[in-house]
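Engineer: My file is work.cif. It has mmCIF, C-alpha atoms:
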```cif
data_start
#
loop_
_atom_site.label_atom_id
_atom_site.label_comp_id
_atom_site.auth_asym_id
_atom_site.auth_seq_id
_atom_site.Cartn_x
_atom_site.Cartn_y
_atom_site.Cartn_z
CA MET A 1 118.31 115.38 111.97
CA THR A 2 119.14 116.15 108.33
CA VAL A 3 117.44 118.86 106.32
CA SER A 4 115.59 116.23 104.26
CA ALA A 5 114.30 114.65 107.45
CA THR A 6 112.30 117.79 108.21
CA ARG A 7 110.54 117.55 104.85
CA PRO A 8 107.31 115.55 104.62
CA VAL A 9 106.88 112.11 103.18
CA VAL A 10 104.16 112.49 100.53
CA ALA A 11 101.87 109.60 99.65
CA GLY A 12 99.38 109.58 96.78
CA VAL A 13 95.87 108.49 97.77
CA ASP A 14 93.23 106.87 95.57
CA ALA A 15 90.82 103.94 95.76
CA SER A 16 93.27 101.18 94.88
CA ALA A 17 94.56 98.44 97.15
CA ALA A 18 98.10 99.43 96.21
CA SER A 19 97.36 102.93 97.53
CA PHE A 20 96.80 101.53 101.02
CA ALA A 21 100.01 99.50 100.78
CA ALA A 22 101.83 102.72 99.85
CA ILE A 23 100.22 104.59 102.75
CA ARG A 24 101.41 101.97 105.23
CA TRP A 25 104.93 102.05 103.84
CA ALA A 26 104.97 105.86 103.84
CA ALA A 27 103.59 106.05 107.38
CA ASN A 28 106.35 103.83 108.72
CA GLU A 29 108.96 105.84 106.83
CA ALA A 30 107.62 109.16 108.14
CA ARG A 31 107.72 107.82 111.69
CA LEU A 32 111.31 106.60 111.26
CA ARG A 33 112.30 110.01 109.87
CA ASP A 34 110.34 111.84 112.60
CA THR A 35 108.56 113.90 109.98
CA THR A 36 105.03 114.49 108.71
CA LEU A 37 103.15 112.14 106.42
CA ARG A 38 101.24 114.17 103.83
CA LEU A 39 98.39 112.31 102.16
CA LEU A 40 97.57 113.88 98.80
CA HIS A 41 94.40 113.26 96.82
CA ALA A 42 94.29 114.69 93.31
CA CYS A 43 90.85 115.61 91.94
CA PHE A 44 90.41 115.88 88.21
CA VAL A 45 86.86 116.41 86.90
CA GLU A 46 86.34 116.13 83.17
CA ASP A 47 82.59 116.27 82.60
CA ALA A 48 80.01 118.87 83.59
CA ALA A 49 77.76 116.35 85.33
CA ALA A 50 80.54 115.45 87.76
CA ARG A 51 81.25 119.13 88.40
CA ASP A 52 77.58 119.64 89.24
CA ASP A 53 77.93 116.97 91.91
CA GLY A 54 80.93 118.71 93.43
CA GLU A 55 79.76 118.51 97.03
CA LEU A 56 79.11 114.79 96.77
CA LEU A 57 82.50 114.28 95.14
CA LEU A 58 84.30 116.24 97.85
CA GLU A 59 82.55 114.28 100.61
CA HIS A 60 83.65 111.06 98.94
CA VAL A 61 87.23 112.34 98.68
CA HIS A 62 87.38 113.49 102.29
CA ARG A 63 85.93 110.18 103.47
CA ARG A 64 88.68 108.36 101.59
CA LEU A 65 91.33 110.64 103.08
CA ARG A 66 89.99 110.12 106.60
CA ARG A 67 90.18 106.36 106.12
CA SER A 68 93.70 106.68 104.70
CA ALA A 69 94.78 108.70 107.74
CA GLU A 70 93.30 106.04 110.03
CA VAL A 71 95.25 103.33 108.19
CA ALA A 72 98.46 105.34 108.56
CA ARG A 73 97.99 105.89 112.30
CA GLU A 74 97.03 102.27 112.89
CA TRP A 75 100.14 101.08 111.07
CA ALA A 76 102.55 103.64 112.56
CA PRO A 77 101.17 104.88 115.89
CA GLY A 78 102.29 108.39 116.71
CA VAL A 79 103.00 109.41 113.13
CA ARG A 80 101.99 112.98 112.26
CA VAL A 81 99.48 113.00 109.39
CA GLU A 82 98.10 115.81 107.28
CA THR A 83 95.61 115.43 104.43
CA VAL A 84 95.52 117.56 101.29
CA VAL A 85 93.00 117.71 98.45
CA ARG A 86 94.10 119.50 95.29
CA LEU A 87 92.41 120.04 91.94
CA GLY A 88 94.47 118.95 88.97
CA LEU A 89 96.26 116.06 87.33
CA ALA A 90 97.95 113.63 89.70
CA VAL A 91 101.26 113.72 87.83
CA ASP A 92 101.49 117.52 87.91
CA LEU A 93 100.52 117.75 91.57
CA LEU A 94 102.89 115.01 92.72
CA LEU A 95 105.80 116.45 90.76
CA ALA A 96 105.13 119.83 92.36
CA GLU A 97 105.00 118.23 95.83
CA SER A 98 108.30 116.47 95.19
CA ALA A 99 110.17 119.78 95.19
CA ASP A 100 109.78 120.07 98.97
CA ALA A 101 109.35 116.42 99.94
CA ALA A 102 111.77 113.94 101.44
CA LEU A 103 110.06 111.15 99.52
CA VAL A 104 107.06 110.57 97.29
CA VAL A 105 105.40 107.18 97.81
CA LEU A 106 102.92 105.68 95.33
CA GLY A 107 101.11 102.42 94.83
CA SER A 108 102.10 100.42 91.76
CA HIS A 109 98.52 100.57 90.45
CA GLY A 110 96.03 103.41 90.60
CA LEU A 111 96.40 107.20 90.39
CA GLY A 112 96.00 106.96 86.64
CA GLY A 113 96.19 103.24 86.12
CA LEU A 114 99.70 101.75 86.06
CA ARG A 115 99.04 98.39 84.43
CA GLY A 116 102.09 96.27 83.80
CA ALA A 117 104.81 98.44 82.29
CA LEU A 118 102.53 101.03 80.69
CA ILE A 119 104.65 104.04 79.75
CA GLY A 120 102.89 107.31 80.55
CA SER A 121 101.34 106.07 83.78
CA VAL A 122 101.50 108.30 86.82
CA ALA A 123 103.92 106.11 88.78
CA LEU A 124 106.42 105.93 85.93
CA ARG A 125 106.22 109.62 85.09
CA VAL A 126 106.57 110.72 88.70
CA ALA A 127 109.44 108.29 89.30
CA ALA A 128 111.23 109.64 86.23
CA GLY A 129 110.68 113.35 86.87
CA ALA A 130 110.41 113.93 90.61
CA ALA A 131 112.83 116.20 92.44
CA CYS A 132 113.16 113.70 95.32
CA PRO A 133 113.34 109.91 95.57
CA VAL A 134 110.15 108.06 94.65
CA VAL A 135 109.11 104.74 96.18
CA VAL A 136 106.61 102.58 94.31
CA VAL A 137 104.90 99.97 96.52
CA PRO A 138 103.17 96.89 95.09
CA GLY A 139 99.77 95.91 96.43
CA HIS A 140 98.71 92.46 97.62
CA ARG A 141 102.24 91.48 98.60
CA PRO A 142 103.35 91.06 102.22
CA ALA A 143 106.14 93.21 103.62
CA ARG A 144 109.53 91.48 103.60
CA GLY A 145 112.29 91.87 106.14
CA GLY A 146 115.44 91.06 104.21
CA PRO A 147 118.24 93.30 102.95
CA ILE A 148 117.99 96.50 100.96
CA VAL A 149 119.19 95.75 97.44
CA VAL A 150 120.75 98.53 95.36
CA GLY A 151 121.85 98.52 91.73
CA LEU A 152 125.21 100.12 90.95
CA ASP A 153 126.58 101.02 87.53
CA LEU A 154 128.88 103.81 86.33
CA SER A 155 126.28 106.58 86.47
CA ALA A 156 126.07 109.39 88.99
CA SER A 157 122.45 108.57 89.77
CA SER A 158 123.36 105.03 90.78
CA GLU A 159 125.90 106.49 93.21
CA HIS A 160 123.08 108.61 94.64
CA ALA A 161 120.95 105.47 94.82
CA LEU A 162 123.69 103.77 96.83
CA GLY A 163 123.83 106.70 99.24
CA PHE A 164 120.06 106.58 99.66
CA ALA A 165 120.11 102.82 100.30
CA LEU A 166 122.80 103.16 102.94
CA GLU A 167 120.92 105.99 104.67
CA GLN A 168 117.80 103.81 104.72
CA ALA A 169 119.81 100.95 106.16
CA ALA A 170 121.31 103.17 108.84
CA THR A 171 117.79 104.15 109.89
CA THR A 172 116.26 100.69 109.81
CA GLY A 173 119.24 98.52 110.73
CA ALA A 174 118.80 96.45 107.55
CA PRO A 175 121.78 94.94 105.73
CA VAL A 176 122.60 96.22 102.25
CA HIS A 177 123.32 94.08 99.20
CA VAL A 178 124.91 95.90 96.25
CA VAL A 179 124.42 94.41 92.79
CA HIS A 180 126.36 95.25 89.66
CA ALA A 181 125.03 93.50 86.55
CA TRP A 182 127.50 92.92 83.70
CA HIS A 183 127.54 90.78 80.56
CA THR A 184 130.89 91.48 78.85
CA GLY A 185 134.31 91.40 80.43
CA ASP A 186 135.89 89.46 83.25
CA GLY A 187 133.91 88.60 86.39
CA GLY A 188 136.89 88.79 88.69
CA THR A 189 137.74 92.27 87.48
CA GLU A 190 134.13 93.42 87.79
CA GLN A 191 133.96 92.13 91.37
CA ALA A 192 137.28 93.75 92.29
CA ASP A 193 136.20 97.08 90.81
CA LEU A 194 132.90 96.91 92.67
CA THR A 195 134.63 96.21 95.97
CA ALA A 196 137.00 99.13 95.39
CA ARG A 197 134.12 101.49 94.63
CA LEU A 198 132.44 100.55 97.87
CA ALA A 199 135.48 101.00 100.09
CA SER A 200 134.76 104.63 101.01
CA TRP A 201 131.10 103.83 101.74
CA VAL A 202 132.08 100.92 103.99
CA ARG A 203 134.32 103.29 105.94
CA LYS A 204 131.49 105.82 106.20
CA TYR A 205 129.03 103.20 107.51
CA PRO A 206 131.22 100.85 109.57
CA ASP A 207 128.27 99.46 111.53
CA LEU A 208 126.30 98.34 108.48
CA ALA A 209 126.43 94.86 107.00
CA ILE A 210 127.28 95.59 103.34
CA THR A 211 127.76 92.86 100.77
CA ALA A 212 128.38 93.22 97.03
CA HIS A 213 128.03 90.94 94.05
CA ALA A 214 128.96 91.48 90.41
CA VAL A 215 126.42 89.38 88.50
CA ARG A 216 126.80 88.24 84.91
CA ASP A 217 123.32 88.91 83.57
CA ARG A 218 122.00 90.69 80.50
CA SER A 219 118.87 91.65 82.43
CA PRO A 220 119.71 94.04 85.29
CA SER A 221 116.08 94.01 86.44
CA TRP A 222 116.18 90.22 86.80
CA ALA A 223 119.51 90.42 88.62
CA LEU A 224 118.15 92.98 91.08
CA ALA A 225 114.76 91.37 91.63
CA ASN A 226 116.37 87.99 92.30
CA ALA A 227 119.51 89.08 94.14
CA VAL A 228 118.16 87.92 97.49
CA PRO A 229 114.97 85.96 98.22
CA ASP A 230 113.42 88.42 100.67
CA ALA A 231 114.58 91.95 99.78
CA ARG A 232 112.62 94.61 101.61
CA LEU A 233 113.46 97.37 99.12
CA ILE A 234 115.19 97.65 95.73
CA VAL A 235 116.92 100.96 95.03
CA VAL A 236 117.94 102.15 91.56
CA GLY A 237 119.06 105.35 89.87
CA THR A 238 117.42 106.93 86.85
CA ARG A 239 120.25 107.12 84.33
CA GLY A 240 123.20 105.12 83.08
CA ARG A 241 123.87 101.90 81.24
CA GLY A 242 122.65 99.84 84.18
CA PRO A 243 119.34 99.41 86.03
CA VAL A 244 117.28 102.24 84.51
CA ALA A 245 119.02 103.53 81.42
CA GLY A 246 117.65 105.84 78.79
CA GLY A 247 114.19 107.00 77.84
CA LEU A 248 111.70 107.69 80.60
CA LEU A 249 113.05 105.02 82.89
CA GLY A 250 114.02 102.42 80.33
CA SER A 251 112.78 98.88 79.95
CA THR A 252 114.60 97.71 83.08
CA GLY A 253 113.10 100.43 85.25
CA ASN A 254 109.66 99.74 83.82
CA ALA A 255 110.05 96.04 84.58
CA LEU A 256 111.17 96.64 88.15
CA LEU A 257 108.36 99.07 88.94
CA ALA A 258 105.76 96.78 87.44
CA HIS A 259 106.94 93.38 88.63
CA ALA A 260 109.39 93.65 91.55
CA PRO A 261 108.29 91.58 94.56
CA CYS A 262 108.95 94.47 96.96
CA PRO A 263 108.89 98.29 96.97
CA VAL A 264 111.23 99.99 94.50
CA ALA A 265 112.93 103.34 95.19
CA VAL A 266 114.01 105.46 92.22
CA VAL A 267 116.70 108.00 93.09
CA HIS A 268 117.91 110.84 90.85
#
```
For the file at hand, write its structure as structure tokens.

Structural biologist:
Amino acid sequence: MTVSATRPVVAGVDASAASFAAIRWAANEARLRDTTLRLLHACFVEDAAARDDGELLLEHVHRRLRRSAEVAREWAPGVRVETVVRLGLAVDLLLAESADAALVVLGSHGLGGLRGALIGSVALRVAAGAACPVVVVPGHRPARGGPIVVGLDLSASSEHALGFALEQAATTGAPVHVVHAWHTGDGGTEQADLTARLASWVRKYPDLAITAHAVRDRSPSWALANAVPDARLIVVGTRGRGPVAGGLLGSTGNALLAHAPCPVAVVH
């Protein structure tokens, strides 16, 4: 067991449907890692009237956490679950949790209202600033059982993303499909360079099915989201000229987190 495997998987809890999708994904991940699932509910009270109804609010929060824990145990029997209620802003609390977590898992909507590619939402800010990988899970979309897709460019964070994807594949037995999006240059050279970059990883994981494709596409998010028809997870880094370059996460990262048909992992 690695050091990170002893750290908890942290899932944000709120009232959204995407929150329950995230809880299910996180519960399965915690069971695979043989670690604890920590369900975190952030309470932020702005007005005095709500503060006066503190007991009622806390009962509502604890009821939601109990239901979330039930969902986790139903989905991943045997998983260890702990529930935590903290007062404060969700972004601040989740970023603090990320320092000692193996993963932070969030729904694509909720916990502050990620709507489309709204910059400043909790999911985007946590994905950009967390100290551990962050997985954003879309609601209302069935789980898919295809390969893990990972974006690879010239950045260090994309190399970390590749390592994360291969570790996930080693745990789940899923194949890995590596995508490098390019739009200037020679396709044959790009494909040869990609294959060469992967050689050491293929030797490290000889039992994994690893494929790679250099795709001519000006939109890395489109290339990743459409690389395979049934990807179970898309993994990207946070910096570089490729999948999530510049800014908070960049337009490509925003697009993936908002519109990808499967969970997206952001790795620093």

Engineer: I'd like to see the residues matched by the PyMOL selection byres ((chain A and resi 157) around 9) on this file, and ideally I'd get them as a list in words.

Structural biologist: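 Checking the PyMOL selection byres ((chain A and resi 157) around 9) against this file, the residues are Leu152, Asp153, Leu154, Ser155, Ala156, Ser158, Glu159, His160, Ala161, Leu162, Val236, Gly237, Thr238, Arg239, Gly240, Val267 and His268 of chain A.
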
Engineer: One decimal, Å: what's the distance from atom CA of A:Thr211 over to atom CA of A:Val179, could you say?

Structural biologist: 8.8 Å

Engineer: Quick check, in Å to one decimal: how far apart do atom CA of A:Leu103 and atom CA of A:Val202 lie?

Structural biologist: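 These two atoms are separated by 24.7 Å.
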
Engineer: Once the PyMOL selection byres ((chain A and resi 14) around 9) is applied to the coordinates I shared, what remains selected? I want it as an MDAnalysis selection string.

Structural biologist: chainID A and resid 12:13 15:20 40:42 61 64:65 110:111

Engineer: Mind listing whatever residues come within 6 Å of the point (121.4, 91.3, 87.4)? Use only C-alpha atoms, file coordinates, and give them as a list in words.

Structural biologist: Ala181, Val215, Asp217, Ser219, Pro220, Trp222, Ala223 and Leu224 of chain A

Engineer: Evaluate the PyMOL selection byres ((chain A and resi 36) around 6) on the structure here and hand back the selected residues as an mmCIF file with C-alpha atoms, in the coordinates of the input.

Structural biologist:
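Ended up saving to part.cif:
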```cif
data_model
loop_
_atom_site.group_PDB
_atom_site.id
_atom_site.type_symbol
_atom_site.label_atom_id
_atom_site.label_comp_id
_atom_site.auth_asym_id
_atom_site.auth_seq_id
_atom_site.Cartn_x
_atom_site.Cartn_y
_atom_site.Cartn_z
ATOM 1 C CA PRO A 8 107.310 115.550 104.620
ATOM 2 C CA ALA A 30 107.620 109.160 108.140
ATOM 3 C CA THR A 35 108.560 113.900 109.980
ATOM 4 C CA LEU A 37 103.150 112.140 106.420
ATOM 5 C CA ARG A 80 101.990 112.980 112.260
ATOM 6 C CA VAL A 81 99.480 113.000 109.390
#
```

Engineer: Tell me which of A:Leu208, A:Leu32, A:Ala196, A:Val150 sits closest to A:Ser221, counting all atoms listed in the file.

Structural biologist: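 With all atoms listed in the file as the atom set, the closest residue is A:Val150.
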
Engineer: State, in Å with one decimal place, the distance from atom CA of A:Cys262 to atom CA of A:Gly163.

Structural biologist: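 Interatomic distance, atom CA of A:Cys262 to atom CA of A:Gly163: 19.4 Å.
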
Engineer: Check the smallest atom-to-atom distance from each of A:Leu39, A:Ala101, A:Leu106, A:Leu57 to A:Ala21 using all atoms listed in the file, then report the winner.

Structural biologist: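 Ranked by minimum distance to A:Ala21, first place goes to A:Leu106.
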
Engineer: Would you please work out which residue, of A:His180, A:Pro175, A:Trp201, A:Val91, is nearest to A:Arg218 when using all atoms listed in the file?

Structural biologist: A:His180

Engineer: Which polymer residues have any atom within 9 Å of an atom of stretch 125-131 of chain A, counting all atoms listed in the file, with same-chain residues fewer than 5 positions away left out, as a PyMOL selection string?

Structural biologist: chain A and resi 91-92+94-101+104+119-120+136+238+248-249+265-268

Engineer: Name the closest residue to A:Thr172 among the candidates A:Ala214, A:Gly107, A:Arg63, A:Ile148; distances are taken between atoms, counting all atoms listed in the file.

Structural biologist: A:Ile148

Engineer: I need the residue nearest A:Ser68 from this list: A:Leu257, A:Val135, A:Ala27, A:Leu93. Use all atoms listed in the file for the distance.

Structural biologist: A:Ala27

Engineer: Reconstruct N, CA, C and O atoms of stretch 22-46 of chain A from the incomplete input and present them as a compact mmCIF listing (two decimals), keeping the file's coordinate frame.

Structural biologist:
```txt
# COMPACT_ATOMS: atom_id res chain seq x y z
N ALA A 22 100.90 101.58 99.89
CA ALA A 22 101.83 102.72 99.85
C ALA A 22 101.68 103.58 101.10
O ALA A 22 102.67 104.08 101.64
N ILE A 23 100.45 103.78 101.56
CA ILE A 23 100.22 104.59 102.75
C ILE A 23 100.89 103.95 103.96
O ILE A 23 101.52 104.64 104.78
N ARG A 24 100.78 102.65 104.09
CA ARG A 24 101.41 101.97 105.23
C ARG A 24 102.92 102.12 105.17
O ARG A 24 103.57 102.40 106.18
N TRP A 25 103.48 101.92 103.98
CA TRP A 25 104.93 102.05 103.84
C TRP A 25 105.37 103.48 104.16
O TRP A 25 106.35 103.70 104.88
N ALA A 26 104.63 104.45 103.62
CA ALA A 26 104.97 105.86 103.84
C ALA A 26 104.82 106.25 105.30
O ALA A 26 105.62 107.03 105.82
N ALA A 27 103.80 105.73 105.96
CA ALA A 27 103.59 106.05 107.38
C ALA A 27 104.76 105.57 108.23
O ALA A 27 105.26 106.29 109.11
N ASN A 28 105.21 104.35 107.98
CA ASN A 28 106.35 103.83 108.72
C ASN A 28 107.61 104.65 108.45
O ASN A 28 108.38 104.95 109.36
N GLU A 29 107.79 105.04 107.19
CA GLU A 29 108.96 105.84 106.83
C GLU A 29 108.92 107.21 107.49
O GLU A 29 109.94 107.71 107.98
N ALA A 30 107.75 107.85 107.51
CA ALA A 30 107.62 109.16 108.14
C ALA A 30 107.91 109.06 109.64
O ALA A 30 108.55 109.95 110.22
N ARG A 31 107.44 107.99 110.26
CA ARG A 31 107.72 107.82 111.69
C ARG A 31 109.21 107.62 111.93
O ARG A 31 109.79 108.21 112.86
N LEU A 32 109.87 106.82 111.10
CA LEU A 32 111.31 106.60 111.26
C LEU A 32 112.09 107.90 111.08
O LEU A 32 113.09 108.13 111.76
N ARG A 33 111.62 108.74 110.15
CA ARG A 33 112.30 110.01 109.87
C ARG A 33 111.87 111.12 110.83
O ARG A 33 112.43 112.22 110.77
N ASP A 34 110.90 110.84 111.68
CA ASP A 34 110.34 111.84 112.60
C ASP A 34 109.87 113.08 111.83
O ASP A 34 110.19 114.21 112.16
N THR A 35 109.09 112.81 110.78
CA THR A 35 108.56 113.90 109.98
C THR A 35 107.08 113.65 109.70
O THR A 35 106.51 112.63 110.11
N THR A 36 106.46 114.57 108.99
CA THR A 36 105.03 114.49 108.71
C THR A 36 104.75 113.62 107.50
O THR A 36 105.48 113.65 106.51
N LEU A 37 103.67 112.85 107.57
CA LEU A 37 103.15 112.14 106.42
C LEU A 37 102.05 113.00 105.80
O LEU A 37 101.05 113.32 106.45
N ARG A 38 102.25 113.38 104.55
CA ARG A 38 101.24 114.17 103.83
C ARG A 38 100.52 113.27 102.84
O ARG A 38 101.12 112.73 101.92
N LEU A 39 99.22 113.11 103.04
CA LEU A 39 98.39 112.31 102.16
C LEU A 39 97.73 113.22 101.14
O LEU A 39 96.95 114.10 101.50
N LEU A 40 98.04 113.01 99.87
CA LEU A 40 97.57 113.88 98.80
C LEU A 40 96.57 113.15 97.92
O LEU A 40 96.85 112.08 97.40
N HIS A 41 95.41 113.77 97.76
CA HIS A 41 94.40 113.26 96.82
C HIS A 41 94.23 114.28 95.70
O HIS A 41 93.94 115.44 95.95
N ALA A 42 94.44 113.82 94.47
CA ALA A 42 94.29 114.69 93.31
C ALA A 42 92.89 114.52 92.73
O ALA A 42 92.45 113.40 92.47
N CYS A 43 92.19 115.63 92.53
CA CYS A 43 90.85 115.61 91.94
C CYS A 43 90.91 116.18 90.54
O CYS A 43 91.36 117.32 90.36
N PHE A 44 90.47 115.40 89.59
CA PHE A 44 90.41 115.88 88.21
C PHE A 44 89.03 115.55 87.66
O PHE A 44 88.65 114.39 87.56
N VAL A 45 88.24 116.59 87.35
CA VAL A 45 86.86 116.41 86.90
C VAL A 45 86.78 116.82 85.44
O VAL A 45 87.06 117.96 85.08
N GLU A 46 86.38 115.86 84.61
CA GLU A 46 86.34 116.13 83.17
C GLU A 46 84.97 116.58 82.67
O GLU A 46 84.86 117.48 81.84
```
